[in-house]
Amino acid sequence: MEQRIRILGIAPYENMKTMMQEVVEQYPQIALNVFVGDLEEGVELARRNFYNDYDVIISRGGTAELLRKNLDLPVIEIKMSQIDILRAMKLAEHVSDHYAIVGFSNITVNARYLCQMMQYKADIYTIQNENEVERTLYQIQSQGTGAILCDMVTNTIAKRLGLNVILMSSGAESIREAFEDAIRLCGNYRSLREENQFLRDVIWNQMNHTLVFNKKGEIFFSTLEKNNIPIVDYLRQESALITGETTQHMLKQINHVQYSIRANRRTLGNMEYVACYFSESRAPASGQQRGIRYMNSSEAREEYNASLYGLTGLLHGMQEILSRIGSSGQPVMVWGEEGICKEQLVNYLYTGSYLSNRPMALIDCFQLNERTWNYLMDNCNSPLMQKNCTLFIKNVDALSGEQCRNMLSGLLAMDIQKRNQIFFSCTCGEGKTLTENGMKFVEKLECIPVRLAPLREQASQMPAAANMYISYLNTTMAKQIMGLEPEAVRLLERFAWPGNHAQFRRVLKELSVRVRTPYITAEAVEQILKREQEAVRIKDKAEGAGRPLDLNRTLDAIDREIILRVLEEENGNQSSTARRLGISRTTLWRFLNGNG
């Protein structure tokens, strides 16, 4: 049987990985492994895996270019076809009629040709390397451009700057063409390299994970899924101290994880490397308590970028004031309705604060039990006792009156707000202002209150937000949706969205799963929103039924409330209501009109 062509795919985003796996089923002569990584991350993934006897690498755009420069294995680029670019342009039209296209020349040449041929108006910027991206985006932002069409190189920076982003993705036709090129290229290509035997020897000695550094401290090989975890930085520092051929043994505990490490120096040709082998186990974590967890700025940034704020333009116009608030060092109270992702705004403020290089402690008042409460208020290891870190005390409205008083007095007595950056959050009801607990924190600690508007107050931003979220779903769900019908957009704008961001994301994701046409139809939107409205009505009715009567009123007022509740349960039918209450319709009418 003829040996299959072994291809390593480095996809800049998850959607391309899925499409490559689907298209390759048409090529039985190809054995494909695909990993997701963009630019330098993609190069590291290839370094980690390309020694496993692959014949060729397939990637896209700037990642493909970097792979060619850094590896000696043939690299075939998945081109961005004119159809792919046109599809992204159609999506951009629904976001803004003034958009810009940013990318390497492999994208912008075809984009310029399409704009000329189709008489489209778009600003086109060609970048030569990643260092030009931020300067170019600042220029675009200053011109008031409504949306950016770009590849993964530009995507992350554009989101950080608060720009509306449409990610341009390659379609199945472009991937198929790359596979055809690989088959032609690899017809007679089967050579192995000297490094294979070297890395087999390295891996053979590993206990669990392997990291190999070159003389400059750069990762030459890694078996880790992510190379940005703390143990990597520690081993990089230690590798410079490893001398001779003797294996060195070390133990290191980082973030409650115990690492057992062996390291030695190895030579390949004229190059020296340090190979580190390590296993990990969970160390006892006496400080970990229910309702308390820690995160670093990279984790917070990742959470924010995946939220509706990070994926759409719902924070447009707020970035400047939020930047000033985050850098002020003042306590901040973030408040708003349920489902509005207040914790993501805190993540945004934290990653831009002067303490972003230090961890953030999250204290969720909803989850605090008696044991955690005692640890929080009395233990010397409590996050409240720390210095020069960020505290996020969320859901303060869940505290009892006594807990609220005790926490406030403790925070004031310890001057915590002077030693740390503190964020709070509370949830208010629809149309309500700050809760009682929230107002106490604002007044006592002089917090800066930041209200997040509910989704129904951002109807004008709904079309852009919906299309940008659909663009994100296209990349994560291997879809090729081109937008929503105009009437579908109007239905989304008119809906009240009582569940705010969480409900909005869920509805759009369901629509994207169900759709079988290039555009999401008004009929599909209407059907799902009717179901959502009915669920809200049933919930409100159930909550109203369980609401206790206020007996501190006159008898007439109590009678009237009882009559109104029964009338609601009978769906407004006055005859049925009168029968249930044992009164005549005339008497019922008098009560309803204030004459009972």
# chains A, B, ... in the order shown; residues from 1 in each chain; ligands from 1
>>> residues_around(residues="Met333 in chain A", least_positions_apart="4", cutoff="10 Å", atoms="only C-alpha atoms", output="PyMOL selection string")
chain A and resi 342+346+392-394+396+422-426+434+438-439+441-442+445-451
>>> write_last_selection(atoms="C-alpha atoms", output="PDB file, in the first residue's frame")
ATOM      1  CA  LYS A 342     -20.634  42.916  34.930  1.00  0.00           C
ATOM      2  CA  VAL A 346     -14.189  44.299  35.760  1.00  0.00           C
ATOM      3  CA  PHE A 392     -13.215  41.833  42.977  1.00  0.00           C
ATOM      4  CA  ILE A 393     -16.061  41.419  45.464  1.00  0.00           C
ATOM      5  CA  LYS A 394     -19.011  40.489  43.289  1.00  0.00           C
ATOM      6  CA  VAL A 396     -22.619  42.355  47.236  1.00  0.00           C
ATOM      7  CA  ILE A 422     -11.010  47.044  44.629  1.00  0.00           C
ATOM      8  CA  PHE A 423     -13.964  46.381  42.364  1.00  0.00           C
ATOM      9  CA  PHE A 424     -17.508  45.561  43.494  1.00  0.00           C
ATOM     10  CA  SER A 425     -20.609  44.502  41.606  1.00  0.00           C
ATOM     11  CA  CYS A 426     -24.303  44.275  42.364  1.00  0.00           C
ATOM     12  CA  LEU A 434     -28.512  50.619  42.942  1.00  0.00           C
ATOM     13  CA  GLY A 438     -24.638  48.526  46.683  1.00  0.00           C
ATOM     14  CA  MET A 439     -25.408  52.069  47.792  1.00  0.00           C
ATOM     15  CA  PHE A 441     -20.544  50.361  49.590  1.00  0.00           C
ATOM     16  CA  VAL A 442     -20.602  53.360  47.261  1.00  0.00           C
ATOM     17  CA  LEU A 445     -15.905  53.565  50.416  1.00  0.00           C
ATOM     18  CA  GLU A 446     -16.454  56.448  47.971  1.00  0.00           C
ATOM     19  CA  CYS A 447     -16.726  54.052  45.045  1.00  0.00           C
ATOM     20  CA  ILE A 448     -17.016  55.273  41.480  1.00  0.00           C
ATOM     21  CA  PRO A 449     -20.357  53.822  40.303  1.00  0.00           C
ATOM     22  CA  VAL A 450     -20.365  52.457  36.732  1.00  0.00           C
ATOM     23  CA  ARG A 451     -23.765  51.487  35.354  1.00  0.00           C
TER      24      ARG A 451
END
>>> residues_around(residues="Gln143 in chain A", least_positions_apart="6", cutoff="12 Å", atoms="only C-alpha atoms", output="PyMOL selection string")
chain A and resi 98-100+123+136-137+163
>>> residues_around(residues="Ala361 in chain A", least_positions_apart="6", cutoff="6 Å", atoms="only C-alpha atoms", output="ChimeraX atom specification")
/A:293-294,391
>>> write_last_selection(atoms="C-alpha atoms", output="mmCIF file, in the first residue's frame")
data_model
loop_
_atom_site.group_PDB
_atom_site.id
_atom_site.type_symbol
_atom_site.label_atom_id
_atom_site.label_comp_id
_atom_site.auth_asym_id
_atom_site.auth_seq_id
_atom_site.Cartn_x
_atom_site.Cartn_y
_atom_site.Cartn_z
ATOM 1 C CA ARG A 293 -10.589 32.107 43.288
ATOM 2 C CA TYR A 294 -7.628 33.827 41.650
ATOM 3 C CA LEU A 391 -9.899 42.441 44.709
#
>>> residues_around(residues="Tyr259 in chain A", least_positions_apart="4", cutoff="9 Å", atoms="only C-alpha atoms", output="PyMOL selection string")
chain A and resi 231+250-254+278-282
>>> write_last_selection(atoms="N, CA and C atoms", output="short mmCIF file (atom, residue, chain, number, x, y, z; two decimals), in the first residue's frame")
data_model
loop_
_atom_site.label_atom_id
_atom_site.label_comp_id
_atom_site.auth_asym_id
_atom_site.auth_seq_id
_atom_site.Cartn_x
_atom_site.Cartn_y
_atom_site.Cartn_z
N ILE A 231 5.39 27.68 34.88
CA ILE A 231 6.52 26.75 34.94
C ILE A 231 7.48 26.95 33.78
N MET A 250 15.17 18.91 40.49
CA MET A 250 14.62 20.07 41.21
C MET A 250 13.17 19.80 41.59
N LEU A 251 12.72 20.46 42.67
CA LEU A 251 11.32 20.50 43.06
C LEU A 251 10.90 21.96 43.11
N LYS A 252 9.74 22.26 42.58
CA LYS A 252 9.27 23.63 42.56
C LYS A 252 7.76 23.65 42.72
N GLN A 253 7.24 24.52 43.61
CA GLN A 253 5.79 24.67 43.77
C GLN A 253 5.38 26.04 43.26
N ILE A 254 4.43 26.06 42.30
CA ILE A 254 3.92 27.30 41.72
C ILE A 254 2.40 27.23 41.71
N PHE A 278 9.52 17.12 33.26
CA PHE A 278 8.86 17.36 34.55
C PHE A 278 7.49 16.72 34.60
N SER A 279 7.08 16.38 35.82
CA SER A 279 5.71 15.92 36.09
C SER A 279 5.11 16.88 37.10
N GLU A 280 3.79 16.86 37.21
CA GLU A 280 3.11 17.81 38.09
C GLU A 280 2.07 17.10 38.93
N SER A 281 1.84 17.63 40.11
CA SER A 281 0.79 17.11 41.00
C SER A 281 0.22 18.26 41.79
N ARG A 282 -1.03 18.13 42.19
CA ARG A 282 -1.70 19.19 42.93
C ARG A 282 -1.20 19.20 44.37
#
>>> residues_around(residues="Ala31 in chain A", least_positions_apart="4", cutoff="7 Å", atoms="only C-alpha atoms", output="ChimeraX atom specification")
/A:4-7
>>> closest_residue(among="A:Asp415, A:Glu272, A:Glu173, A:Glu65", to="Gly217 in chain A", atoms="only C-alpha atoms")
A:Glu272
>>> select_by_dssp(residues="range 30-267 of chain A", states="alpha helix (DSSP H)", output="PyMOL selection string")
chain A and resi 40-49+61-70+82-95+105-118+133-142+152-160+172-185+194-204+230-239
>>> residues_around(residues="Ala578 in chain A", least_positions_apart="5", cutoff="10 Å", atoms="only C-alpha atoms", output="ChimeraX atom specification")
/A:563,566-567,573,583-589
>>> select_by_dssp(residues="range 425-589 of chain A", states="strand (DSSP E)", output="NGL selection string")
:A and (425-427 or 448-451 or 483-484 or 519-520)
>>> residues_around(residues="Ser170 in chain A", least_positions_apart="6", cutoff="12 Å", atoms="only C-alpha atoms", output="number ranges by chain")
A: 11-20, 59-61, 77-88, 107, 150-152, 176-178, 474-475, 478-480
>>> write_last_selection(atoms="N, CA, C and O atoms", output="CSV table (one decimal), in the first residue's frame")
chain,number,residue,atom,x,y,z
A,11,ALA,N,-3.7,26.0,11.9
A,11,ALA,CA,-4.8,26.8,11.6
A,11,ALA,C,-4.8,28.0,12.5
A,11,ALA,O,-4.7,27.9,13.7
A,12,PRO,N,-4.9,29.3,12.0
A,12,PRO,CA,-4.9,30.5,12.8
A,12,PRO,C,-6.1,30.5,13.7
A,12,PRO,O,-6.1,31.3,14.7
A,13,TYR,N,-7.2,29.8,13.4
A,13,TYR,CA,-8.4,29.9,14.3
A,13,TYR,C,-9.2,28.5,14.1
A,13,TYR,O,-8.9,27.7,13.2
A,14,GLU,N,-10.1,28.3,15.1
A,14,GLU,CA,-10.7,27.0,15.3
A,14,GLU,C,-11.5,26.6,14.0
A,14,GLU,O,-11.6,25.5,13.6
A,15,ASN,N,-12.2,27.6,13.4
A,15,ASN,CA,-13.1,27.3,12.3
A,15,ASN,C,-12.3,26.7,11.1
A,15,ASN,O,-12.7,25.7,10.5
A,16,MET,N,-11.1,27.2,10.9
A,16,MET,CA,-10.2,26.6,9.8
A,16,MET,C,-9.8,25.2,10.1
A,16,MET,O,-9.8,24.3,9.2
A,17,LYS,N,-9.5,24.9,11.4
A,17,LYS,CA,-9.2,23.5,11.7
A,17,LYS,C,-10.4,22.6,11.4
A,17,LYS,O,-10.2,21.5,10.8
A,18,THR,N,-11.6,23.0,11.8
A,18,THR,CA,-12.8,22.2,11.5
A,18,THR,C,-12.9,22.0,10.0
A,18,THR,O,-13.2,20.8,9.5
A,19,MET,N,-12.8,23.0,9.2
A,19,MET,CA,-13.0,22.9,7.8
A,19,MET,C,-11.9,22.1,7.1
A,19,MET,O,-12.2,21.3,6.2
A,20,MET,N,-10.7,22.2,7.6
A,20,MET,CA,-9.6,21.3,7.1
A,20,MET,C,-9.9,19.8,7.3
A,20,MET,O,-9.7,19.0,6.5
A,59,SER,N,-0.7,26.2,6.2
A,59,SER,CA,-1.2,27.2,7.1
A,59,SER,C,-1.7,28.4,6.2
A,59,SER,O,-2.0,28.2,5.0
A,60,ARG,N,-1.9,29.6,6.9
A,60,ARG,CA,-2.5,30.7,6.1
A,60,ARG,C,-1.9,32.0,6.5
A,60,ARG,O,-1.4,32.2,7.6
A,61,GLY,N,-1.8,32.9,5.6
A,61,GLY,CA,-1.5,34.3,5.8
A,61,GLY,C,-0.1,34.5,6.5
A,61,GLY,O,0.9,33.9,6.1
A,77,GLU,N,0.5,27.6,1.5
A,77,GLU,CA,-0.4,28.6,2.1
A,77,GLU,C,-1.8,28.4,1.6
A,77,GLU,O,-2.0,28.2,0.4
A,78,ILE,N,-2.8,28.5,2.5
A,78,ILE,CA,-4.2,28.5,2.2
A,78,ILE,C,-4.5,29.9,1.8
A,78,ILE,O,-4.5,30.8,2.6
A,79,LYS,N,-4.8,30.1,0.5
A,79,LYS,CA,-5.0,31.5,0.0
A,79,LYS,C,-6.4,32.0,0.4
A,79,LYS,O,-7.3,31.2,0.7
A,80,MET,N,-6.5,33.3,0.5
A,80,MET,CA,-7.7,34.0,0.7
A,80,MET,C,-8.3,34.3,-0.7
A,80,MET,O,-7.9,35.2,-1.4
A,81,SER,N,-9.3,33.5,-1.1
A,81,SER,CA,-9.9,33.7,-2.4
A,81,SER,C,-10.8,34.9,-2.5
A,81,SER,O,-11.2,35.5,-1.4
A,82,GLN,N,-11.1,35.4,-3.7
A,82,GLN,CA,-12.0,36.5,-3.9
A,82,GLN,C,-13.4,36.2,-3.3
A,82,GLN,O,-14.0,37.2,-2.8
A,83,ILE,N,-13.8,35.0,-3.4
A,83,ILE,CA,-15.1,34.6,-2.8
A,83,ILE,C,-15.1,34.8,-1.3
A,83,ILE,O,-16.1,35.3,-0.7
A,84,ASP,N,-14.0,34.4,-0.6
A,84,ASP,CA,-13.9,34.6,0.8
A,84,ASP,C,-13.9,36.1,1.2
A,84,ASP,O,-14.6,36.4,2.2
A,85,ILE,N,-13.2,36.9,0.4
A,85,ILE,CA,-13.2,38.3,0.7
A,85,ILE,C,-14.5,38.9,0.5
A,85,ILE,O,-15.0,39.8,1.3
A,86,LEU,N,-15.2,38.5,-0.6
A,86,LEU,CA,-16.5,39.1,-0.9
A,86,LEU,C,-17.5,38.7,0.2
A,86,LEU,O,-18.4,39.5,0.6
A,87,ARG,N,-17.4,37.5,0.8
A,87,ARG,CA,-18.3,37.1,1.8
A,87,ARG,C,-18.2,38.0,3.1
A,87,ARG,O,-19.1,38.4,3.7
A,88,ALA,N,-16.9,38.3,3.4
A,88,ALA,CA,-16.6,39.2,4.5
A,88,ALA,C,-17.1,40.6,4.3
A,88,ALA,O,-17.7,41.3,5.2
A,107,ILE,N,-4.0,39.3,0.9
A,107,ILE,CA,-5.4,39.6,1.1
A,107,ILE,C,-5.7,40.9,0.3
A,107,ILE,O,-6.7,41.0,-0.4
A,150,CYS,N,-10.4,42.0,8.7
A,150,CYS,CA,-9.0,41.6,8.9
A,150,CYS,C,-8.8,40.1,9.1
A,150,CYS,O,-9.8,39.4,9.2
A,151,ASP,N,-7.6,39.7,9.2
A,151,ASP,CA,-7.3,38.3,9.5
A,151,ASP,C,-6.9,38.3,11.0
A,151,ASP,O,-7.0,39.2,11.7
A,152,MET,N,-6.4,37.1,11.5
A,152,MET,CA,-6.2,36.9,12.9
A,152,MET,C,-5.0,37.8,13.4
A,152,MET,O,-5.0,38.1,14.6
A,176,ARG,N,-9.2,23.2,-0.2
A,176,ARG,CA,-9.1,22.1,-1.2
A,176,ARG,C,-7.9,22.4,-2.1
A,176,ARG,O,-7.1,21.5,-2.5
A,177,GLU,N,-7.8,23.6,-2.6
A,177,GLU,CA,-6.7,24.0,-3.5
A,177,GLU,C,-5.3,23.8,-2.8
A,177,GLU,O,-4.3,23.3,-3.4
A,178,ALA,N,-5.2,24.1,-1.5
A,178,ALA,CA,-4.0,23.9,-0.8
A,178,ALA,C,-3.6,22.4,-0.7
A,178,ALA,O,-2.5,22.0,-0.8
A,474,ASN,N,-19.3,32.2,13.1
A,474,ASN,CA,-18.8,31.6,11.8
A,474,ASN,C,-17.4,30.9,12.1
A,474,ASN,O,-17.1,29.8,11.5
A,475,THR,N,-16.5,31.6,12.9
A,475,THR,CA,-15.2,31.0,13.1
A,475,THR,C,-15.2,29.9,14.1
A,475,THR,O,-14.3,29.0,14.0
A,478,ALA,N,-17.8,26.7,12.4
A,478,ALA,CA,-17.6,26.3,11.0
A,478,ALA,C,-18.8,26.6,10.2
A,478,ALA,O,-19.3,25.8,9.3
A,479,LYS,N,-19.4,27.8,10.3
A,479,LYS,CA,-20.5,28.3,9.6
A,479,LYS,C,-20.1,29.4,8.6
A,479,LYS,O,-19.0,29.9,8.7
A,480,GLN,N,-20.9,29.7,7.6
A,480,GLN,CA,-20.6,30.7,6.6
A,480,GLN,C,-21.9,31.6,6.4
A,480,GLN,O,-22.3,31.9,5.3
>>> closest_residue(among="A:Gly339, A:Gly103, A:Pro463, A:Pro74", to="Met168 in chain A", atoms="only C-alpha atoms")
A:Gly103
>>> closest_residue(among="A:Leu91, A:Ala182, A:Ala111, A:Ile124", to="Ile30 in chain A", atoms="only C-alpha atoms")
A:Ala182
>>> closest_atom_pairs(of="range 251-296 of chain A", to="range 384-390 of chain A", cutoff="12 Å", atoms="only C-alpha atoms", output="JSON lines")
{"residue": "A:Ile292", "atom": "CA", "partner": "A:Leu384", "partner_atom": "CA", "distance": 11.1}
{"residue": "A:Tyr294", "atom": "CA", "partner": "A:Thr390", "partner_atom": "CA", "distance": 9.8}
{"residue": "A:Met295", "atom": "CA", "partner": "A:Thr390", "partner_atom": "CA", "distance": 10.0}
{"residue": "A:Asn296", "atom": "CA", "partner": "A:Thr390", "partner_atom": "CA", "distance": 10.0}
>>> atom_distance(atom1="CA of Thr577 in chain A", atom2="CA of Arg531 in chain A")
27.2 Å
>>> closest_residue(among="A:Cys186, A:Met118, A:Ile416, A:Ala46", to="Gln29 in chain A", atoms="only C-alpha atoms")
A:Cys186
>>> decode(residues="range 478-495 of chain A", atoms="N, CA, C and O atoms", output="PDB file, in the first residue's frame")
ATOM      1  N   ALA A 478     -17.796  26.688  12.400  1.00  0.00           N
ATOM      2  CA  ALA A 478     -17.612  26.288  10.997  1.00  0.00           C
ATOM      3  C   ALA A 478     -18.845  26.621  10.155  1.00  0.00           C
ATOM      4  O   ALA A 478     -19.308  25.820   9.342  1.00  0.00           O
ATOM      5  N   LYS A 479     -19.393  27.842  10.349  1.00  0.00           N
ATOM      6  CA  LYS A 479     -20.533  28.310   9.577  1.00  0.00           C
ATOM      7  C   LYS A 479     -20.077  29.367   8.577  1.00  0.00           C
ATOM      8  O   LYS A 479     -18.971  29.902   8.674  1.00  0.00           O
ATOM      9  N   GLN A 480     -20.938  29.674   7.607  1.00  0.00           N
ATOM     10  CA  GLN A 480     -20.637  30.703   6.610  1.00  0.00           C
ATOM     11  C   GLN A 480     -21.863  31.601   6.416  1.00  0.00           C
ATOM     12  O   GLN A 480     -22.308  31.873   5.313  1.00  0.00           O
ATOM     13  N   ILE A 481     -22.409  32.082   7.548  1.00  0.00           N
ATOM     14  CA  ILE A 481     -23.594  32.935   7.520  1.00  0.00           C
ATOM     15  C   ILE A 481     -23.186  34.342   7.103  1.00  0.00           C
ATOM     16  O   ILE A 481     -22.179  34.869   7.571  1.00  0.00           O
ATOM     17  N   MET A 482     -23.970  34.951   6.240  1.00  0.00           N
ATOM     18  CA  MET A 482     -23.614  36.265   5.708  1.00  0.00           C
ATOM     19  C   MET A 482     -24.364  37.404   6.389  1.00  0.00           C
ATOM     20  O   MET A 482     -24.205  38.559   6.025  1.00  0.00           O
ATOM     21  N   GLY A 483     -25.200  37.110   7.393  1.00  0.00           N
ATOM     22  CA  GLY A 483     -25.889  38.163   8.126  1.00  0.00           C
ATOM     23  C   GLY A 483     -27.344  37.830   8.391  1.00  0.00           C
ATOM     24  O   GLY A 483     -27.754  36.664   8.329  1.00  0.00           O
ATOM     25  N   LEU A 484     -28.130  38.864   8.704  1.00  0.00           N
ATOM     26  CA  LEU A 484     -29.557  38.710   9.006  1.00  0.00           C
ATOM     27  C   LEU A 484     -30.380  39.489   7.992  1.00  0.00           C
ATOM     28  O   LEU A 484     -29.950  40.528   7.497  1.00  0.00           O
ATOM     29  N   GLU A 485     -31.571  38.986   7.720  1.00  0.00           N
ATOM     30  CA  GLU A 485     -32.500  39.746   6.888  1.00  0.00           C
ATOM     31  C   GLU A 485     -32.871  41.040   7.597  1.00  0.00           C
ATOM     32  O   GLU A 485     -32.884  41.100   8.831  1.00  0.00           O
ATOM     33  N   PRO A 486     -33.160  42.109   6.858  1.00  0.00           N
ATOM     34  CA  PRO A 486     -33.504  43.405   7.490  1.00  0.00           C
ATOM     35  C   PRO A 486     -34.619  43.291   8.520  1.00  0.00           C
ATOM     36  O   PRO A 486     -34.538  43.891   9.595  1.00  0.00           O
ATOM     37  N   GLU A 487     -35.670  42.544   8.204  1.00  0.00           N
ATOM     38  CA  GLU A 487     -36.772  42.407   9.154  1.00  0.00           C
ATOM     39  C   GLU A 487     -36.327  41.619  10.395  1.00  0.00           C
ATOM     40  O   GLU A 487     -36.802  41.876  11.504  1.00  0.00           O
ATOM     41  N   ALA A 488     -35.405  40.675  10.209  1.00  0.00           N
ATOM     42  CA  ALA A 488     -34.869  39.933  11.353  1.00  0.00           C
ATOM     43  C   ALA A 488     -34.137  40.870  12.296  1.00  0.00           C
ATOM     44  O   ALA A 488     -34.245  40.763  13.522  1.00  0.00           O
ATOM     45  N   VAL A 489     -33.383  41.811  11.744  1.00  0.00           N
ATOM     46  CA  VAL A 489     -32.678  42.804  12.564  1.00  0.00           C
ATOM     47  C   VAL A 489     -33.680  43.653  13.334  1.00  0.00           C
ATOM     48  O   VAL A 489     -33.502  43.939  14.531  1.00  0.00           O
ATOM     49  N   ARG A 490     -34.750  44.084  12.674  1.00  0.00           N
ATOM     50  CA  ARG A 490     -35.755  44.915  13.339  1.00  0.00           C
ATOM     51  C   ARG A 490     -36.414  44.174  14.496  1.00  0.00           C
ATOM     52  O   ARG A 490     -36.725  44.763  15.536  1.00  0.00           O
ATOM     53  N   LEU A 491     -36.645  42.877  14.332  1.00  0.00           N
ATOM     54  CA  LEU A 491     -37.220  42.083  15.420  1.00  0.00           C
ATOM     55  C   LEU A 491     -36.283  42.040  16.623  1.00  0.00           C
ATOM     56  O   LEU A 491     -36.724  42.143  17.774  1.00  0.00           O
ATOM     57  N   LEU A 492     -34.990  41.884  16.359  1.00  0.00           N
ATOM     58  CA  LEU A 492     -34.017  41.884  17.452  1.00  0.00           C
ATOM     59  C   LEU A 492     -33.979  43.228  18.157  1.00  0.00           C
ATOM     60  O   LEU A 492     -33.865  43.303  19.387  1.00  0.00           O
ATOM     61  N   GLU A 493     -34.097  44.315  17.389  1.00  0.00           N
ATOM     62  CA  GLU A 493     -34.060  45.663  17.971  1.00  0.00           C
ATOM     63  C   GLU A 493     -35.273  45.918  18.858  1.00  0.00           C
ATOM     64  O   GLU A 493     -35.174  46.610  19.879  1.00  0.00           O
ATOM     65  N   ARG A 494     -36.417  45.382  18.472  1.00  0.00           N
ATOM     66  CA  ARG A 494     -37.660  45.665  19.218  1.00  0.00           C
ATOM     67  C   ARG A 494     -37.817  44.779  20.448  1.00  0.00           C
ATOM     68  O   ARG A 494     -38.619  45.082  21.324  1.00  0.00           O
ATOM     69  N   PHE A 495     -37.072  43.688  20.523  1.00  0.00           N
ATOM     70  CA  PHE A 495     -37.225  42.754  21.646  1.00  0.00           C
ATOM     71  C   PHE A 495     -36.638  43.366  22.921  1.00  0.00           C
ATOM     72  O   PHE A 495     -35.657  44.102  22.883  1.00  0.00           O
TER      73      PHE A 495
END
